[in-house]
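J.: Below is work_28.tsv; it holds TSV, C-alpha atoms and all ligand atoms.
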```tsv
chain	number	residue	atom	x	y	z
A	1	MET	CA	75.58	-13.49	1.26
A	2	PHE	CA	78.88	-13.44	2.98
A	3	ILE	CA	81.28	-10.66	3.81
A	4	ILE	CA	85.01	-10.78	3.28
A	5	MET	CA	86.81	-8.50	5.69
A	6	ASP	CA	90.31	-7.13	5.64
A	7	VAL	CA	92.43	-9.50	7.72
A	8	HIS	CA	93.82	-6.47	9.55
A	9	SER	CA	90.34	-5.23	10.59
A	10	SER	CA	90.08	-4.12	14.19
A	11	GLU	CA	87.76	-5.84	16.67
A	12	ALA	CA	85.62	-2.68	16.58
A	13	ASP	CA	85.24	-2.91	12.77
A	14	ILE	CA	84.21	-6.57	13.04
A	15	GLN	CA	81.79	-5.85	15.85
A	16	ARG	CA	80.26	-2.96	13.90
A	17	VAL	CA	79.60	-5.21	10.91
A	18	MET	CA	78.06	-7.90	13.14
A	19	ASP	CA	75.82	-5.28	14.82
A	20	ARG	CA	74.69	-3.81	11.49
A	21	ILE	CA	73.80	-7.30	10.19
A	22	ARG	CA	71.65	-7.89	13.27
A	23	GLU	CA	70.04	-4.45	12.95
A	24	LEU	CA	69.01	-5.40	9.42
A	25	GLY	CA	67.21	-8.39	10.93
A	26	PHE	CA	69.71	-11.00	9.67
A	27	GLN	CA	72.05	-13.36	11.52
A	28	PRO	CA	75.84	-13.03	11.31
A	29	HIS	CA	78.00	-16.19	11.44
A	30	PRO	CA	81.74	-15.51	11.78
A	31	ILE	CA	83.71	-18.01	9.69
A	32	HIS	CA	87.23	-18.55	10.89
A	33	GLY	CA	89.44	-19.48	7.95
A	34	ASP	CA	93.24	-19.52	7.82
A	35	THR	CA	93.55	-17.11	4.96
A	36	ARG	CA	90.70	-14.68	5.39
A	37	LEU	CA	88.17	-13.26	7.75
A	38	ALA	CA	84.61	-13.87	6.64
A	39	ILE	CA	81.14	-13.39	8.07
A	40	GLY	CA	78.27	-15.46	6.68
A	41	ILE	CA	74.82	-13.86	6.65
A	42	THR	CA	71.60	-15.85	6.86
A	43	GLY	CA	68.00	-14.74	7.07
A	44	ASN	CA	68.18	-12.26	4.15
A	45	LYS	CA	65.73	-12.88	1.32
A	46	ASP	CA	67.59	-10.76	-1.22
A	47	THR	CA	70.90	-8.95	-1.62
A	48	SER	CA	69.59	-5.37	-1.33
A	49	ALA	CA	71.73	-4.68	1.77
A	50	ARG	CA	74.87	-5.51	-0.20
A	51	VAL	CA	75.90	-1.96	-1.13
A	52	TYR	CA	75.31	-0.69	2.41
A	53	LEU	CA	77.34	-3.50	3.98
A	54	GLU	CA	80.13	-2.98	1.46
A	55	SER	CA	80.47	0.63	2.64
A	56	LEU	CA	81.34	-0.33	6.21
A	57	PRO	CA	84.96	0.06	7.36
A	58	GLY	CA	87.01	-3.13	7.04
A	59	VAL	CA	84.64	-4.73	4.50
A	60	LEU	CA	86.43	-5.73	1.31
A	61	GLN	CA	83.61	-7.46	-0.51
A	62	VAL	CA	80.06	-8.77	-0.07
A	63	ILE	CA	79.43	-11.89	-2.13
A	64	PRO	CA	76.04	-13.43	-2.83
A	65	ILE	CA	76.01	-17.22	-2.36
A	66	SER	CA	74.32	-19.10	-5.14
A	67	LYS	CA	73.86	-22.38	-3.23
A	68	PRO	CA	70.81	-23.01	-1.04
A	69	TYR	CA	73.21	-24.19	1.70
A	70	LYS	CA	75.22	-21.18	2.74
A	71	LEU	CA	77.34	-21.99	5.78
A	72	ALA	CA	78.11	-25.53	4.63
A	73	SER	CA	79.18	-24.38	1.19
A	74	ARG	CA	82.72	-24.19	-0.13
A	75	GLU	CA	81.76	-20.88	-1.70
A	76	THR	CA	81.64	-19.45	1.82
A	77	LYS	CA	84.77	-21.20	3.07
A	78	PRO	CA	87.21	-22.50	0.45
A	79	GLU	CA	89.54	-24.31	2.86
A	80	ASN	CA	88.65	-27.57	4.61
A	81	SER	CA	87.18	-27.24	8.08
A	82	ILE	CA	88.99	-29.06	10.84
A	83	ILE	CA	86.67	-30.18	13.61
A	84	ASP	CA	88.22	-30.58	17.03
A	85	VAL	CA	86.63	-33.19	19.29
A	86	LYS	CA	88.51	-32.93	22.60
A	87	GLY	CA	91.86	-32.80	20.84
A	88	VAL	CA	91.02	-35.20	17.97
A	89	LYS	CA	91.14	-33.29	14.70
A	90	ILE	CA	88.76	-34.43	11.96
A	91	GLY	CA	89.21	-33.05	8.44
A	92	GLY	CA	92.84	-31.95	8.58
A	93	GLY	CA	94.05	-34.63	6.16
A	94	ASN	CA	94.69	-37.35	8.74
A	95	ILE	CA	92.41	-40.36	9.12
A	96	VAL	CA	90.32	-40.58	12.27
A	97	MET	CA	89.11	-43.94	13.61
A	98	ILE	CA	85.95	-44.13	15.70
A	99	GLY	CA	85.20	-47.54	17.19
A	100	GLY	CA	83.08	-49.25	19.79
A	101	PRO	CA	79.92	-51.27	20.22
A	102	CYS	CA	76.80	-50.39	18.28
A	103	ALA	CA	74.91	-50.23	21.58
A	104	VAL	CA	75.86	-49.86	25.20
A	105	GLU	CA	74.46	-53.15	26.50
A	106	SER	CA	76.03	-53.24	29.96
A	107	ARG	CA	78.88	-51.64	31.91
A	108	ASP	CA	81.03	-54.71	31.58
A	109	GLN	CA	80.46	-55.15	27.83
A	110	THR	CA	81.15	-51.47	27.06
A	111	LEU	CA	84.22	-51.07	29.26
A	112	ARG	CA	85.69	-54.31	27.88
A	113	ILE	CA	85.21	-53.37	24.23
A	114	THR	CA	86.17	-49.72	24.53
A	115	GLU	CA	89.34	-50.62	26.40
A	116	LYS	CA	90.27	-52.93	23.53
A	117	VAL	CA	89.61	-50.43	20.74
A	118	ALA	CA	91.47	-47.74	22.69
A	119	LYS	CA	94.50	-50.02	23.07
A	120	LEU	CA	94.39	-50.72	19.34
A	121	GLY	CA	94.67	-47.00	18.55
A	122	ALA	CA	91.10	-45.72	18.06
A	123	HIS	CA	90.75	-41.95	18.43
A	124	ILE	CA	87.10	-41.68	19.48
A	125	LEU	CA	84.72	-44.17	21.14
A	126	ARG	CA	81.24	-44.90	19.85
A	127	GLY	CA	78.23	-46.55	21.50
A	128	GLY	CA	74.49	-45.89	21.49
A	129	ALA	CA	72.61	-45.34	24.74
A	130	TYR	CA	69.41	-44.44	22.87
A	131	LYS	CA	68.87	-46.78	19.94
A	132	PRO	CA	66.54	-46.11	17.00
A	133	ARG	CA	65.15	-49.61	16.37
A	134	THR	CA	62.88	-50.69	13.55
A	135	SER	CA	60.88	-52.86	15.95
A	136	PRO	CA	59.42	-51.43	19.16
A	137	TYR	CA	60.07	-54.85	20.75
A	138	SER	CA	63.84	-54.70	20.13
A	139	PHE	CA	66.36	-53.46	22.72
A	140	GLN	CA	65.97	-49.68	22.86
A	141	GLY	CA	69.19	-48.85	24.72
A	142	LEU	CA	69.98	-48.23	28.38
A	143	GLY	CA	69.19	-44.51	28.26
A	144	GLU	CA	70.86	-42.38	30.95
A	145	LYS	CA	72.47	-45.44	32.53
A	146	GLY	CA	74.14	-46.04	29.15
A	147	LEU	CA	75.39	-42.44	29.11
A	148	GLU	CA	76.97	-42.93	32.55
A	149	ILE	CA	78.72	-46.04	31.27
A	150	LEU	CA	80.05	-44.12	28.26
A	151	ALA	CA	81.36	-41.39	30.58
A	152	GLU	CA	83.16	-44.07	32.56
A	153	ALA	CA	84.64	-45.50	29.34
A	154	ARG	CA	85.91	-42.02	28.46
A	155	GLU	CA	87.47	-41.66	31.89
A	156	LYS	CA	89.16	-45.04	31.69
A	157	THR	CA	90.50	-44.65	28.14
A	158	GLY	CA	90.99	-40.86	27.91
A	159	LEU	CA	89.18	-40.90	24.56
A	160	PRO	CA	86.22	-38.70	23.61
A	161	VAL	CA	82.79	-40.24	23.08
A	162	VAL	CA	80.22	-39.90	20.29
A	163	THR	CA	76.69	-41.08	20.95
A	164	GLU	CA	73.31	-40.71	19.29
A	165	VAL	CA	70.62	-38.20	20.24
A	166	LEU	CA	67.16	-39.48	19.36
A	167	ASP	CA	64.91	-36.59	20.27
A	168	PRO	CA	64.90	-32.96	21.41
A	169	ALA	CA	63.69	-33.92	24.90
A	170	THR	CA	66.81	-35.93	25.75
A	171	ALA	CA	69.30	-33.81	23.76
A	172	PRO	CA	70.48	-31.66	26.73
A	173	LEU	CA	70.99	-34.79	28.85
A	174	VAL	CA	73.02	-36.54	26.15
A	175	ALA	CA	75.06	-33.34	25.73
A	176	GLN	CA	76.06	-33.48	29.40
A	177	TYR	CA	77.81	-36.80	28.84
A	178	ALA	CA	78.95	-36.82	25.18
A	179	ASP	CA	81.82	-35.03	23.45
A	180	MET	CA	80.11	-35.28	20.07
A	181	LEU	CA	76.42	-35.75	19.33
A	182	GLN	CA	75.33	-38.19	16.65
A	183	ILE	CA	72.28	-37.63	14.47
A	184	GLY	CA	71.20	-40.99	13.04
A	185	THR	CA	70.25	-41.66	9.45
A	186	ARG	CA	66.55	-41.89	10.36
A	187	ASN	CA	66.67	-38.43	11.93
A	188	MET	CA	68.66	-36.53	9.32
A	189	GLN	CA	65.53	-34.67	8.30
A	190	ASN	CA	64.04	-34.32	11.76
A	191	PHE	CA	64.38	-30.55	11.56
A	192	THR	CA	63.16	-29.91	15.11
A	193	LEU	CA	65.91	-32.17	16.40
A	194	LEU	CA	68.52	-30.55	14.14
A	195	LYS	CA	67.61	-27.10	15.47
A	196	GLU	CA	67.78	-28.19	19.11
A	197	VAL	CA	71.07	-30.03	18.62
A	198	GLY	CA	72.50	-27.08	16.67
A	199	LYS	CA	71.67	-24.77	19.58
A	200	LEU	CA	73.75	-26.89	21.95
A	201	GLY	CA	76.83	-25.70	20.05
A	202	MET	CA	78.70	-29.00	20.34
A	203	PRO	CA	80.45	-31.03	17.63
A	204	VAL	CA	77.91	-33.11	15.71
A	205	LEU	CA	78.31	-36.27	13.65
A	206	MET	CA	75.40	-36.20	11.22
A	207	LYS	CA	74.66	-39.36	9.28
A	208	ARG	CA	73.32	-39.02	5.78
A	209	GLY	CA	69.69	-40.07	5.47
A	210	MET	CA	69.45	-43.49	3.84
A	211	ALA	CA	67.54	-41.99	0.90
A	212	ALA	CA	68.88	-38.43	1.04
A	213	THR	CA	70.46	-36.65	-1.90
A	214	LEU	CA	73.70	-34.75	-1.48
A	215	GLU	CA	71.80	-31.47	-1.51
A	216	GLU	CA	69.36	-32.65	1.17
A	217	THR	CA	72.30	-33.80	3.27
A	218	LEU	CA	73.95	-30.41	2.99
A	219	MET	CA	70.70	-28.65	3.84
A	220	SER	CA	70.44	-30.71	7.03
A	221	ALA	CA	74.03	-29.78	7.93
A	222	GLU	CA	72.97	-26.19	7.28
A	223	TYR	CA	70.22	-26.53	9.92
A	224	LEU	CA	72.87	-27.45	12.48
A	225	LEU	CA	75.29	-24.73	11.42
A	226	SER	CA	72.67	-21.99	11.27
A	227	HIS	CA	71.43	-22.78	14.77
A	228	GLY	CA	74.69	-22.55	16.62
A	229	THR	CA	77.19	-25.33	16.08
A	230	ARG	CA	80.27	-24.62	14.00
A	231	ASP	CA	81.44	-28.21	14.09
A	232	VAL	CA	79.63	-30.66	11.84
A	233	VAL	CA	81.05	-33.90	10.45
A	234	VAL	CA	78.89	-35.74	7.91
A	235	CYS	CA	78.85	-39.54	7.67
A	236	GLU	CA	78.09	-41.62	4.58
A	237	ARG	CA	76.50	-44.81	5.97
A	238	GLY	CA	74.98	-46.40	2.88
A	239	VAL	CA	71.82	-45.70	0.95
A	240	ARG	CA	68.83	-47.84	0.01
A	241	THR	CA	69.15	-49.51	-3.38
A	242	PHE	CA	67.86	-52.65	-5.08
A	243	ALA	CA	70.87	-54.61	-3.78
A	244	SER	CA	70.16	-57.58	-1.55
A	245	HIS	CA	73.79	-58.61	-1.06
A	246	SER	CA	74.35	-55.80	1.43
A	247	ARG	CA	72.31	-54.03	4.10
A	248	ASN	CA	72.72	-50.70	2.28
A	249	THR	CA	74.93	-49.57	-0.58
A	250	LEU	CA	77.94	-47.52	0.46
A	251	ASP	CA	77.81	-44.52	-1.85
A	252	VAL	CA	81.53	-43.97	-2.34
A	253	SER	CA	80.77	-41.54	-5.14
A	254	VAL	CA	79.24	-39.05	-2.73
A	255	ILE	CA	82.60	-38.41	-1.05
A	256	PRO	CA	84.36	-36.44	-3.82
A	257	ALA	CA	81.05	-34.77	-4.73
A	258	PHE	CA	80.55	-33.73	-1.10
A	259	LYS	CA	84.10	-32.41	-0.83
A	260	LYS	CA	83.61	-30.33	-3.94
A	261	GLU	CA	80.48	-28.71	-2.50
A	262	SER	CA	81.41	-28.37	1.15
A	263	HIS	CA	84.33	-27.57	3.45
A	264	LEU	CA	82.98	-29.95	6.13
A	265	PRO	CA	84.67	-33.28	6.84
A	266	ILE	CA	82.99	-36.51	5.75
A	267	ILE	CA	83.58	-39.94	7.25
A	268	VAL	CA	82.34	-43.41	6.29
A	269	ASP	CA	80.44	-46.03	8.28
A	270	PRO	CA	81.38	-49.37	6.68
A	271	SER	CA	79.40	-51.31	9.32
A	272	HIS	CA	75.88	-49.97	8.80
A	273	SER	CA	76.38	-49.79	5.03
A	274	GLY	CA	77.62	-53.30	4.27
A	275	GLY	CA	75.89	-54.89	7.26
A	276	LYS	CA	78.36	-57.81	7.22
A	277	ARG	CA	81.63	-58.31	9.04
A	278	GLU	CA	83.47	-59.45	5.92
A	279	SER	CA	82.63	-56.29	4.00
A	280	VAL	CA	83.82	-53.85	6.68
A	281	ILE	CA	87.50	-53.76	5.74
A	282	PRO	CA	86.95	-53.56	1.95
A	283	LEU	CA	84.38	-50.77	2.35
A	284	SER	CA	86.66	-48.93	4.78
A	285	LEU	CA	89.46	-48.94	2.23
A	286	ALA	CA	87.08	-47.81	-0.52
A	287	GLY	CA	85.97	-44.91	1.68
A	288	ILE	CA	89.49	-43.83	2.53
A	289	GLY	CA	90.57	-44.20	-1.09
A	290	ALA	CA	87.71	-41.91	-2.11
A	291	GLY	CA	88.89	-39.24	0.34
A	292	ALA	CA	86.91	-39.86	3.54
A	293	ASP	CA	88.36	-38.19	6.64
A	294	GLY	CA	87.78	-41.20	8.85
A	295	LEU	CA	85.68	-44.22	9.75
A	296	ILE	CA	83.10	-45.13	12.37
A	297	VAL	CA	83.07	-48.85	12.99
A	298	ASP	CA	81.04	-51.25	15.15
A	299	VAL	CA	83.21	-53.52	17.31
A	300	HIS	CA	81.99	-56.32	19.60
A	301	ASP	CA	83.85	-59.11	21.36
A	302	ASP	CA	80.80	-61.42	21.47
A	303	PRO	CA	78.88	-60.57	18.31
A	304	LEU	CA	76.74	-63.72	18.45
A	305	ASN	CA	75.18	-62.44	21.65
A	306	ALA	CA	75.19	-58.73	20.74
A	307	LEU	CA	71.82	-57.07	21.37
A	308	VAL	CA	72.16	-54.91	18.23
A	309	ASP	CA	73.86	-55.44	14.87
A	310	GLY	CA	76.09	-58.40	15.81
A	311	PRO	CA	76.58	-59.63	12.21
A	312	GLN	CA	78.32	-56.43	11.14
A	313	ALA	CA	80.52	-56.01	14.23
A	314	LEU	CA	84.25	-56.49	13.89
A	315	LEU	CA	85.93	-58.62	16.52
A	316	PRO	CA	88.74	-56.75	18.31
A	317	GLU	CA	91.30	-58.73	16.29
A	318	ASP	CA	89.55	-57.62	13.07
A	319	PHE	CA	89.69	-54.03	14.29
A	320	LYS	CA	93.43	-54.50	14.79
A	321	GLU	CA	93.71	-55.62	11.18
A	322	LEU	CA	91.60	-52.67	10.05
A	323	MET	CA	93.92	-50.28	11.89
A	324	THR	CA	96.95	-51.90	10.23
A	325	VAL	CA	95.57	-51.72	6.69
A	326	CYS	CA	94.27	-48.17	7.19
A	327	MET	CA	97.70	-47.13	8.39
A	328	LYS	CA	99.29	-48.65	5.27
A	329	VAL	CA	96.77	-47.17	2.83
A	330	GLY	CA	96.80	-43.83	4.69
A	331	SER	CA	100.57	-43.54	4.50
A	332	ALA	CA	100.53	-44.51	0.80
A	333	LEU	CA	98.07	-41.65	0.24
A	334	ASN	CA	100.08	-39.31	2.47
A	335	ARG	CA	97.20	-39.24	4.93
A	336	PRO	CA	98.44	-40.91	8.10
A	337	LEU	CA	96.19	-41.82	11.00
A	338	SER	CA	95.47	-38.93	13.34
A	339	ALA	CA	97.36	-38.50	16.59
A	340	VAL	CA	95.75	-40.20	19.57
A	341	PRO	CA	94.60	-37.57	22.12
A	342	LYS	CA	96.85	-36.86	25.08
A	343	GLY	CA	95.79	-38.62	28.26
A	344	SER	CA	94.58	-41.79	26.57
B	1	LIG	C1	74.45	-46.21	14.67
B	1	LIG	O1	75.50	-45.74	14.24
B	1	LIG	O2	74.35	-46.72	15.79
B	1	LIG	C2	73.24	-46.19	13.83
B	1	LIG	C3	72.04	-46.48	14.32
B	1	LIG	O3	73.50	-45.86	12.55
B	1	LIG	P1	72.52	-45.32	11.39
B	1	LIG	O4	71.80	-44.13	11.97
B	1	LIG	O5	73.47	-44.98	10.29
B	1	LIG	O6	71.61	-46.47	11.06
B	2	MN	MN	74.09	-50.34	14.64
```
Starting from the file, lay out its structure as structure tokens.
T.:
Amino acid sequence: MFIIMDVHSSEADIQRVMDRIRELGFQPHPIHGDTRLAIGITGNKDTSARVYLESLPGVLQVIPISKPYKLASRETKPENSIIDVKGVKIGGGNIVMIGGPCAVESRDQTLRITEKVAKLGAHILRGGAYKPRTSPYSFQGLGEKGLEILAEAREKTGLPVVTEVLDPATAPLVAQYADMLQIGTRNMQNFTLLKEVGKLGMPVLMKRGMAATLEETLMSAEYLLSHGTRDVVVCERGVRTFASHSRNTLDVSVIPAFKKESHLPIIVDPSHSGGKRESVIPLSLAGIGAGADGLIVDVHDDPLNALVDGPQALLPEDFKELMTVCMKVGSALNRPLSAVPKGS
């Protein structure tokens, strides 16, 4: 259920409704929209409290939500959510560019590449310190040392940092360094991790599981939202199909379907979907054309020697070209690139 309150309700009216929801054994989730004041309710098995809640001062209406995902649903919040990551707004109609190496390999490599992508106009830096690798013998990431390097890259460029959290044990440590926490495709249904990351209350970039349906994706976002974070951005990063010409198949069709169902922003990862440098720009444009709110792109200046995912990394000059074409397509669609945060 969710409650629509009179926009002129007093703080005391709002607090009373929140208290009554808790007394009933449910959880209230205030939803801050531009046009109305709403409170989502989770934990209720039926709608028997509806009449009682409707009688409280300031309450205009109590509406049952038909979807299994409540807080992520457009039924609960009709207008698009805008997620603020240290001044970078995702979901407000502008296109946000996230760029950087797939993995933090060394201080020198990361500072070099992040400085380049920052100069070329990226809004947020990416780089994994904890890498989920298919083989246990592959490079697993630098761990906390990698997080320190990312913090230094943020300081040098003034741009916020998104980095992956692999497990609940290291989540609080990653949160100390990152501005946005990334849930990888392999962990989208690691519900223990989702709960712990949700509780940290920080912005989260949640990648769609490589075999997850739209509904499963929204249910995972719901785990994050119902445990404490208000700020979730979903990422389409390709799904498993029979295709052998690409690493994964970018599911462009999920973008309008997602936007219909949810108020959350959705971005596209053209690097992990296509898996090849030459497909990154075409897939980026497809994603933006379909309505994605931004891109997350692997960039490396020595891809032949990259420790992770070299074949799909754009060279800095390719990233420059990507920025140029995104700017052109964005302005044609009346969706210019986002403003670069102050201080960068
Ligand atoms: C990544 O972005 O570094 C990554 C591992 O992506 P995915 O979880 O989509 O494979
Ligand atoms: Mn990668």
J.: Which is closest to A:Pro336 among A:Ala169, A:Val96, A:Leu200, A:Ala178, if we use all atoms listed in the file?
T.: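 Smallest distance to A:Pro336 is found for A:Val96.
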J.: Write out as a CSV table (one decimal) with C-alpha atoms, in the frame of the given file each polymer residue (protein, DNA or RNA) that has an atom no more than 9 Å from ligand LIG 1 (chain B), with only C-alpha atoms and all ligand atoms counted.
T.:
```csv
chain,number,residue,atom,x,y,z
A,101,PRO,CA,79.9,-51.3,20.2
A,102,CYS,CA,76.8,-50.4,18.3
A,103,ALA,CA,74.9,-50.2,21.6
A,126,ARG,CA,81.2,-44.9,19.8
A,127,GLY,CA,78.2,-46.6,21.5
A,128,GLY,CA,74.5,-45.9,21.5
A,130,TYR,CA,69.4,-44.4,22.9
A,131,LYS,CA,68.9,-46.8,19.9
A,132,PRO,CA,66.5,-46.1,17.0
A,133,ARG,CA,65.2,-49.6,16.4
A,163,THR,CA,76.7,-41.1,21.0
A,164,GLU,CA,73.3,-40.7,19.3
A,182,GLN,CA,75.3,-38.2,16.6
A,183,ILE,CA,72.3,-37.6,14.5
A,184,GLY,CA,71.2,-41.0,13.0
A,185,THR,CA,70.2,-41.7,9.4
A,186,ARG,CA,66.6,-41.9,10.4
A,187,ASN,CA,66.7,-38.4,11.9
A,188,MET,CA,68.7,-36.5,9.3
A,206,MET,CA,75.4,-36.2,11.2
A,207,LYS,CA,74.7,-39.4,9.3
A,208,ARG,CA,73.3,-39.0,5.8
A,209,GLY,CA,69.7,-40.1,5.5
A,210,MET,CA,69.4,-43.5,3.8
A,235,CYS,CA,78.8,-39.5,7.7
A,236,GLU,CA,78.1,-41.6,4.6
A,237,ARG,CA,76.5,-44.8,6.0
A,238,GLY,CA,75.0,-46.4,2.9
A,269,ASP,CA,80.4,-46.0,8.3
A,271,SER,CA,79.4,-51.3,9.3
A,272,HIS,CA,75.9,-50.0,8.8
A,273,SER,CA,76.4,-49.8,5.0
A,296,ILE,CA,83.1,-45.1,12.4
A,297,VAL,CA,83.1,-48.8,13.0
A,298,ASP,CA,81.0,-51.2,15.2
A,308,VAL,CA,72.2,-54.9,18.2
A,309,ASP,CA,73.9,-55.4,14.9
```
J.: Which residues come within 12 Å of A:Lys328, counting all atoms listed in the file, excluding same-chain residues fewer than 4 positions away, as a PyMOL selection string?
T.: chain A and resi 95+285+288-289+321-324+332-337
J.: For a quick check of understanding, using only C-alpha atoms and all ligand atoms, which of A:Cys326, A:Leu56, A:Leu283, A:Val104 has the smallest distance to ligand MN 2 (chain B)?
T.: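 Nearest to ligand MN 2 (chain B): A:Val104.
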J.: Within 8 Å of (80.3, -10.3, -0.8), all atoms listed in the file: residues as a list in words?
T.: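 In the file's frame, the residues around the point are Met1, Phe2, Ile3, Ile4, Arg50, Glu54, Leu60, Gln61, Val62, Ile63 and Pro64 of chain A.
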J.: How would the residues just picked look written out with C-alpha atoms as a PDB file, in the frame of the given file?
T.:
```
ATOM      1  CA  MET A   1      75.580 -13.490   1.260  1.00  0.00           C
ATOM      2  CA  PHE A   2      78.880 -13.440   2.980  1.00  0.00           C
ATOM      3  CA  ILE A   3      81.280 -10.660   3.810  1.00  0.00           C
ATOM      4  CA  ILE A   4      85.010 -10.780   3.280  1.00  0.00           C
ATOM      5  CA  ARG A  50      74.870  -5.510  -0.200  1.00  0.00           C
ATOM      6  CA  GLU A  54      80.130  -2.980   1.460  1.00  0.00           C
ATOM      7  CA  LEU A  60      86.430  -5.730   1.310  1.00  0.00           C
ATOM      8  CA  GLN A  61      83.610  -7.460  -0.510  1.00  0.00           C
ATOM      9  CA  VAL A  62      80.060  -8.770  -0.070  1.00  0.00           C
ATOM     10  CA  ILE A  63      79.430 -11.890  -2.130  1.00  0.00           C
ATOM     11  CA  PRO A  64      76.040 -13.430  -2.830  1.00  0.00           C
TER      12      PRO A  64
END
```
J.: Can you tell me, as a list in words, what residues are no more than 8 Å from A:Ala72 when counting all atoms listed in the file, ignoring any on the same chain fewer than 4 positions away?
T.: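 Contacts, with the query itself left out: Thr76, Leu218, Ala221, Glu222, Leu225, Ser262, His263 and Leu264 of chain A.
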J.: Calculated over all atoms listed in the file, which of the candidates A:Val340, A:Ala243, A:Val329, A:Val299 has the smallest distance to ligand MN 2 (chain B)?
T.: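 Closest to ligand MN 2 (chain B) of all the choices is A:Val299.
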J.: Pick the closest to A:Val7 from A:Leu37, A:Ile266, A:Leu250, A:Val233: which is it, counting all atoms listed in the file?
T.: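 Of A:Leu37, A:Ile266, A:Leu250, A:Val233, the one nearest A:Val7 is A:Leu37, counting all atoms listed in the file.
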J.: Which one of A:Gly291, A:Gly330, A:Pro265, A:Gly99 sits closest to ligand MN 2 (chain B) if you count all atoms listed in the file?
T.: A:Gly99
J.: In Å, rounded to a single decimal, give me how far atom CA of A:Asp293 is from atom CA of A:Glu152.
T.: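 Pair atom CA of A:Glu152 / atom CA of A:Asp293 returns 27.1 Å.
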J.: Quick one: of A:Glu196, A:Glu75, A:Glu317, A:Asp108, who's nearest to A:Ser226, counting all atoms listed in the file?
T.: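 Selected residue with least distance to A:Ser226: A:Glu196.
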